[in-house]
Amino acid sequence: MSVTQRLTAIKAQLPDGVELVAVSKTKPESDIMEAYESGHRHFGENKVQDLTAKYEHLPKDICWHFIGHLQTNKVKYIAPFVHLVHAVDSEKLLRTLQKEAAKNNRIINCLIQAKVAKEESKFGLSFDDIEILLAKRDEFPNVRISGFMAMATNTNDEEEVSKEFAAVNNFFQKHKGGEIRELSIGMSGDWPVAVEQGSTMIRVGSSIFGARNY
Ligand SMILES: *Cc1c(COP(=O)(O)O)cnc(C)c1O
């Protein structure tokens with residue numbers, strides 16, 4: 001199957017209101033253009049350098065999602081154009097986003113990353129720490145916190161994954177309203193479970209573009 005066929009097949013299975021971010025990290029611009037020509041506009045990257053290069057070369061109506069861990073010293077490179085920063089995991093990063101968004105005279109949309117996986121290595125904040133950040137929202141007028149993002153434990157145990165997504169969905173439902181309306185959960189291996197558990201945005205790479213060799 002082609003990139004377009006795989007993309008279309010996934011989109012056909014998504015309920016209304018669930019957006020697909022095509023994760024094009026490590027993939028050539030020609031793959032992105034194939035998806036673009038089929039009408040797709042939302043793409044995700046996790047390296048600042050790759051994202052800025054692709055932004056420069058590709059059509060300007062693409063909505064670029066930054067999905068990885070973002071270092072504060074690199075915010076300035078993507079601040080002028082990024083559509084949504086998925087994984088804000090510290091107040092320091094929020095402050096930097098505020099500063100760079102203000103410099104660019106724009107509002108940057110972001111999601112706060114919740115930590116729900118069992119693995120120690122995963123980034124993200126506890127629900128308590130997210131609530132502390134939400135309480136300070138007024139200090140960041142150029143940042144719009146649109147919701148939450150999470151990654152489940154990388155396991156075949158579907159019940160565990162479902163439980164982790166349910167936990168973040170529960171937190172999302174509690175805070176939903178106003179600007180908080182997105183829940184970014186679900187990747188190639190677990191998006192159907194994520195959609196069952198209230199996802200509004202899935203981030204799918206290898207199921208569209210094929211396996212990555214890093
Ligand atoms: C790479 C990546 C994805 C997509 O992963 P696939 O398993 O290829 O679908 C989604 N979210 C984040 C944060 C990623 O880094």
# chains A, B, ... in the order shown; residues from 1 in each chain; ligands from 1
call {"tool": "residues_near_ligand", "arguments": {"ligand": "ligand 1", "cutoff": "7 Å", "atoms": "only C-alpha atoms and all ligand atoms", "output": "ChimeraX atom specification"}}
result
/A:23,25,46,67-68,187-189,203-207
call {"tool": "write_last_selection", "arguments": {"atoms": "C-alpha atoms", "output": "PDB file, in the first residue's frame"}}
result
ATOM      1  CA  VAL A  23       4.314  11.680  12.076  1.00  0.00           C
ATOM      2  CA  LYS A  25      10.020  12.190  11.490  1.00  0.00           C
ATOM      3  CA  ASN A  46      10.338  15.499  16.903  1.00  0.00           C
ATOM      4  CA  ILE A  67       5.707  16.087  19.155  1.00  0.00           C
ATOM      5  CA  GLY A  68       8.970  15.373  20.965  1.00  0.00           C
ATOM      6  CA  MET A 187       0.302   6.098  18.053  1.00  0.00           C
ATOM      7  CA  SER A 188       0.625   3.346  15.428  1.00  0.00           C
ATOM      8  CA  GLY A 189       0.509   0.534  17.969  1.00  0.00           C
ATOM      9  CA  ARG A 203      -0.048  10.787  16.238  1.00  0.00           C
ATOM     10  CA  VAL A 204       0.691   8.043  13.741  1.00  0.00           C
ATOM     11  CA  GLY A 205       4.008   7.512  11.964  1.00  0.00           C
ATOM     12  CA  SER A 206       5.085   4.021  10.981  1.00  0.00           C
ATOM     13  CA  SER A 207       1.596   2.799  10.059  1.00  0.00           C
TER      14      SER A 207
END
call {"tool": "select_by_dssp", "arguments": {"residues": "chain A", "states": "strand (DSSP E)", "output": "JSON, numbers by chain"}}
result
{"A": [19, 20, 21, 22, 23, 42, 43, 44, 45, 63, 64, 65, 66, 84, 85, 86, 87, 88, 108, 109, 110, 111, 112, 113, 114, 143, 144, 145, 146, 147, 148, 149, 150, 182, 183, 184, 201, 202, 203, 204]}
call {"tool": "residues_around", "arguments": {"residues": "His40 in chain A", "least_positions_apart": "5", "cutoff": "9 Å", "atoms": "only C-alpha atoms", "output": "JSON, numbers by chain"}}
result
{"A": [7, 22, 32, 34, 35, 62]}
call {"tool": "select_by_dssp", "arguments": {"residues": "range 17-145 of chain A", "states": "helix (DSSP H, G or I)", "output": "JSON, numbers by chain"}}
result
{"A": [29, 30, 31, 32, 33, 34, 35, 36, 37, 48, 49, 50, 51, 52, 53, 54, 55, 56, 57, 72, 73, 74, 75, 76, 77, 78, 91, 92, 93, 94, 95, 96, 97, 98, 99, 100, 101, 102, 103, 127, 128, 129, 130, 131, 132, 133, 134, 135, 137, 138, 139]}
call {"tool": "residues_around", "arguments": {"residues": "Thr72 in chain A", "least_positions_apart": "6", "cutoff": "10 Å", "atoms": "only C-alpha atoms", "output": "PDB file with all heavy atoms, in the first residue's frame"}}
result
ATOM      1  N   SER A  90       7.389  21.243  31.473  1.00  0.00           N
ATOM      2  CA  SER A  90       7.956  22.011  32.585  1.00  0.00           C
ATOM      3  C   SER A  90       7.483  23.456  32.508  1.00  0.00           C
ATOM      4  O   SER A  90       7.127  23.958  31.432  1.00  0.00           O
ATOM      5  CB  SER A  90       9.490  21.990  32.541  1.00  0.00           C
ATOM      6  OG  SER A  90       9.958  22.763  31.453  1.00  0.00           O
ATOM      7  N   LYS A  92       9.445  25.887  33.017  1.00  0.00           N
ATOM      8  CA  LYS A  92      10.533  26.571  32.316  1.00  0.00           C
ATOM      9  C   LYS A  92      10.251  26.620  30.813  1.00  0.00           C
ATOM     10  O   LYS A  92      10.440  27.648  30.155  1.00  0.00           O
ATOM     11  CB  LYS A  92      11.845  25.831  32.597  1.00  0.00           C
ATOM     12  CG  LYS A  92      13.059  26.519  32.067  1.00  0.00           C
ATOM     13  CD  LYS A  92      14.317  25.740  32.445  1.00  0.00           C
ATOM     14  CE  LYS A  92      15.509  26.241  31.651  1.00  0.00           C
ATOM     15  NZ  LYS A  92      16.463  25.161  31.356  1.00  0.00           N
ATOM     16  N   LEU A  93       9.793  25.505  30.266  1.00  0.00           N
ATOM     17  CA  LEU A  93       9.481  25.458  28.836  1.00  0.00           C
ATOM     18  C   LEU A  93       8.296  26.370  28.506  1.00  0.00           C
ATOM     19  O   LEU A  93       8.303  27.086  27.504  1.00  0.00           O
ATOM     20  CB  LEU A  93       9.207  24.011  28.401  1.00  0.00           C
ATOM     21  CG  LEU A  93       8.846  23.793  26.927  1.00  0.00           C
ATOM     22  CD1 LEU A  93       9.887  24.400  25.982  1.00  0.00           C
ATOM     23  CD2 LEU A  93       8.693  22.297  26.641  1.00  0.00           C
ATOM     24  N   LEU A  94       7.315  26.366  29.378  1.00  0.00           N
ATOM     25  CA  LEU A  94       6.151  27.241  29.185  1.00  0.00           C
ATOM     26  C   LEU A  94       6.577  28.713  29.163  1.00  0.00           C
ATOM     27  O   LEU A  94       6.125  29.502  28.328  1.00  0.00           O
ATOM     28  CB  LEU A  94       5.164  26.982  30.323  1.00  0.00           C
ATOM     29  CG  LEU A  94       3.676  27.148  30.077  1.00  0.00           C
ATOM     30  CD1 LEU A  94       3.200  26.417  28.845  1.00  0.00           C
ATOM     31  CD2 LEU A  94       2.905  26.654  31.301  1.00  0.00           C
ATOM     32  N   ARG A  95       7.475  29.074  30.067  1.00  0.00           N
ATOM     33  CA  ARG A  95       7.989  30.448  30.133  1.00  0.00           C
ATOM     34  C   ARG A  95       8.735  30.821  28.863  1.00  0.00           C
ATOM     35  O   ARG A  95       8.607  31.936  28.346  1.00  0.00           O
ATOM     36  CB  ARG A  95       8.970  30.600  31.313  1.00  0.00           C
ATOM     37  CG  ARG A  95       8.290  30.988  32.553  1.00  0.00           C
ATOM     38  CD  ARG A  95       9.191  31.346  33.715  1.00  0.00           C
ATOM     39  NE  ARG A  95       8.401  31.098  34.911  1.00  0.00           N
ATOM     40  CZ  ARG A  95       7.316  31.790  35.235  1.00  0.00           C
ATOM     41  NH1 ARG A  95       6.924  32.813  34.493  1.00  0.00           N
ATOM     42  NH2 ARG A  95       6.602  31.465  36.287  1.00  0.00           N
ATOM     43  N   THR A  96       9.536  29.877  28.365  1.00  0.00           N
ATOM     44  CA  THR A  96      10.296  30.137  27.141  1.00  0.00           C
ATOM     45  C   THR A  96       9.343  30.272  25.953  1.00  0.00           C
ATOM     46  O   THR A  96       9.522  31.149  25.103  1.00  0.00           O
ATOM     47  CB  THR A  96      11.311  29.011  26.890  1.00  0.00           C
ATOM     48  OG1 THR A  96      12.050  28.812  28.092  1.00  0.00           O
ATOM     49  CG2 THR A  96      12.252  29.351  25.755  1.00  0.00           C
ATOM     50  N   LEU A  97       8.336  29.425  25.902  1.00  0.00           N
ATOM     51  CA  LEU A  97       7.342  29.525  24.824  1.00  0.00           C
ATOM     52  C   LEU A  97       6.653  30.885  24.876  1.00  0.00           C
ATOM     53  O   LEU A  97       6.430  31.524  23.847  1.00  0.00           O
ATOM     54  CB  LEU A  97       6.317  28.394  24.934  1.00  0.00           C
ATOM     55  CG  LEU A  97       6.802  27.010  24.499  1.00  0.00           C
ATOM     56  CD1 LEU A  97       5.868  25.918  25.024  1.00  0.00           C
ATOM     57  CD2 LEU A  97       6.917  26.916  22.978  1.00  0.00           C
TER      58      LEU A  97
END
call {"tool": "residues_around", "arguments": {"residues": "range 160-165 of chain A", "least_positions_apart": "4", "cutoff": "12 Å", "atoms": "only C-alpha atoms", "output": "JSON, numbers by chain"}}
result
{"A": [114, 115, 116, 117, 118, 119, 148, 149, 150, 151, 152, 153, 154, 155, 156, 169, 170, 171, 172, 183, 184, 185, 186, 187, 189, 190, 191, 192, 193, 194, 195, 196, 197, 198, 199]}
call {"tool": "write_last_selection", "arguments": {"atoms": "C-alpha atoms", "output": "compact mmCIF listing (two decimals), in the first residue's frame"}}
result
# COMPACT_ATOMS: atom_id res chain seq x y z
CA ALA A 114 0.97 13.95 31.41
CA LYS A 115 3.01 11.06 32.70
CA VAL A 116 0.91 7.93 32.75
CA ALA A 117 3.33 5.22 31.60
CA LYS A 118 5.06 2.93 34.04
CA GLU A 119 8.47 3.39 32.42
CA PHE A 148 -3.03 17.29 27.24
CA MET A 149 -0.79 14.72 25.61
CA ALA A 150 0.38 11.36 26.89
CA MET A 151 2.22 8.24 25.83
CA ALA A 152 1.27 4.84 27.16
CA THR A 153 3.73 2.19 28.23
CA ASN A 154 5.21 0.44 25.20
CA THR A 155 3.68 -2.98 25.81
CA ASN A 156 1.41 -5.54 24.16
CA ASN A 169 -8.90 10.94 29.71
CA ASN A 170 -10.41 11.14 33.16
CA PHE A 171 -8.11 14.07 33.94
CA PHE A 172 -8.97 15.66 30.56
CA LEU A 183 -6.37 15.03 24.14
CA SER A 184 -3.38 13.83 22.10
CA ILE A 185 -3.10 10.09 22.72
CA GLY A 186 -2.53 7.17 20.38
CA MET A 187 0.30 6.10 18.05
CA GLY A 189 0.51 0.53 17.97
CA ASP A 190 -2.24 1.81 20.23
CA TRP A 191 -4.41 4.40 18.48
CA PRO A 192 -7.60 2.28 18.39
CA VAL A 193 -7.39 1.93 22.19
CA ALA A 194 -6.70 5.67 22.49
CA VAL A 195 -9.75 6.51 20.38
CA GLU A 196 -11.88 4.29 22.63
CA GLN A 197 -10.50 6.23 25.57
CA GLY A 198 -11.42 9.69 24.30
CA SER A 199 -8.52 10.74 22.07
call {"tool": "residues_around", "arguments": {"residues": "Lys74 in chain A", "least_positions_apart": "5", "cutoff": "12 Å", "atoms": "only C-alpha atoms", "output": "list in words"}}
result
Asn46, Lys47, Val48, Gln49, Leu51, Thr52, Phe66, His69, Ala79, Pro80, Leu93, Thr96, Leu97 and Glu100 of chain A
call {"tool": "write_last_selection", "arguments": {"atoms": "N, CA, C and O atoms", "output": "tab-separated table (two decimals), in the first residue's frame"}}
result
chain	number	residue	atom	x	y	z
A	46	ASN	N	9.85	15.45	15.52
A	46	ASN	CA	10.34	15.50	16.90
A	46	ASN	C	11.76	16.02	17.05
A	46	ASN	O	12.34	15.94	18.12
A	47	LYS	N	12.33	16.54	15.94
A	47	LYS	CA	13.66	17.16	16.00
A	47	LYS	C	13.54	18.56	15.41
A	47	LYS	O	13.07	18.73	14.28
A	48	VAL	N	14.03	19.55	16.18
A	48	VAL	CA	13.88	20.94	15.76
A	48	VAL	C	14.54	21.19	14.41
A	48	VAL	O	13.97	21.84	13.53
A	49	GLN	N	15.73	20.64	14.23
A	49	GLN	CA	16.46	20.86	12.99
A	49	GLN	C	15.70	20.31	11.77
A	49	GLN	O	15.63	20.95	10.72
A	51	LEU	N	12.49	19.72	11.62
A	51	LEU	CA	11.24	20.46	11.46
A	51	LEU	C	11.48	21.78	10.72
A	51	LEU	O	10.75	22.11	9.77
A	52	THR	N	12.53	22.52	11.11
A	52	THR	CA	12.76	23.81	10.45
A	52	THR	C	13.15	23.61	8.98
A	52	THR	O	12.70	24.37	8.11
A	66	PHE	N	4.99	19.86	16.76
A	66	PHE	CA	6.23	19.40	17.38
A	66	PHE	C	5.85	18.40	18.46
A	66	PHE	O	5.18	18.75	19.44
A	69	HIS	N	10.33	15.85	22.87
A	69	HIS	CA	10.82	16.64	23.99
A	69	HIS	C	11.49	17.87	23.43
A	69	HIS	O	12.40	17.77	22.60
A	79	ALA	N	9.35	28.81	17.02
A	79	ALA	CA	8.30	29.72	17.53
A	79	ALA	C	7.58	30.52	16.43
A	79	ALA	O	6.39	30.78	16.56
A	80	PRO	N	8.26	30.89	15.34
A	80	PRO	CA	7.55	31.70	14.34
A	80	PRO	C	6.43	30.95	13.62
A	80	PRO	O	5.54	31.59	13.06
A	93	LEU	N	9.79	25.51	30.27
A	93	LEU	CA	9.48	25.46	28.84
A	93	LEU	C	8.30	26.37	28.51
A	93	LEU	O	8.30	27.09	27.50
A	96	THR	N	9.54	29.88	28.37
A	96	THR	CA	10.30	30.14	27.14
A	96	THR	C	9.34	30.27	25.95
A	96	THR	O	9.52	31.15	25.10
A	97	LEU	N	8.34	29.42	25.90
A	97	LEU	CA	7.34	29.53	24.82
A	97	LEU	C	6.65	30.88	24.88
A	97	LEU	O	6.43	31.52	23.85
A	100	GLU	N	9.12	33.59	23.52
A	100	GLU	CA	9.36	33.53	22.07
A	100	GLU	C	8.07	33.82	21.28
A	100	GLU	O	8.12	34.41	20.20
call {"tool": "atom_distance", "arguments": {"atom1": "CA of Asn105 in chain A", "atom2": "CA of Ile145 in chain A"}}
result
16.9 Å
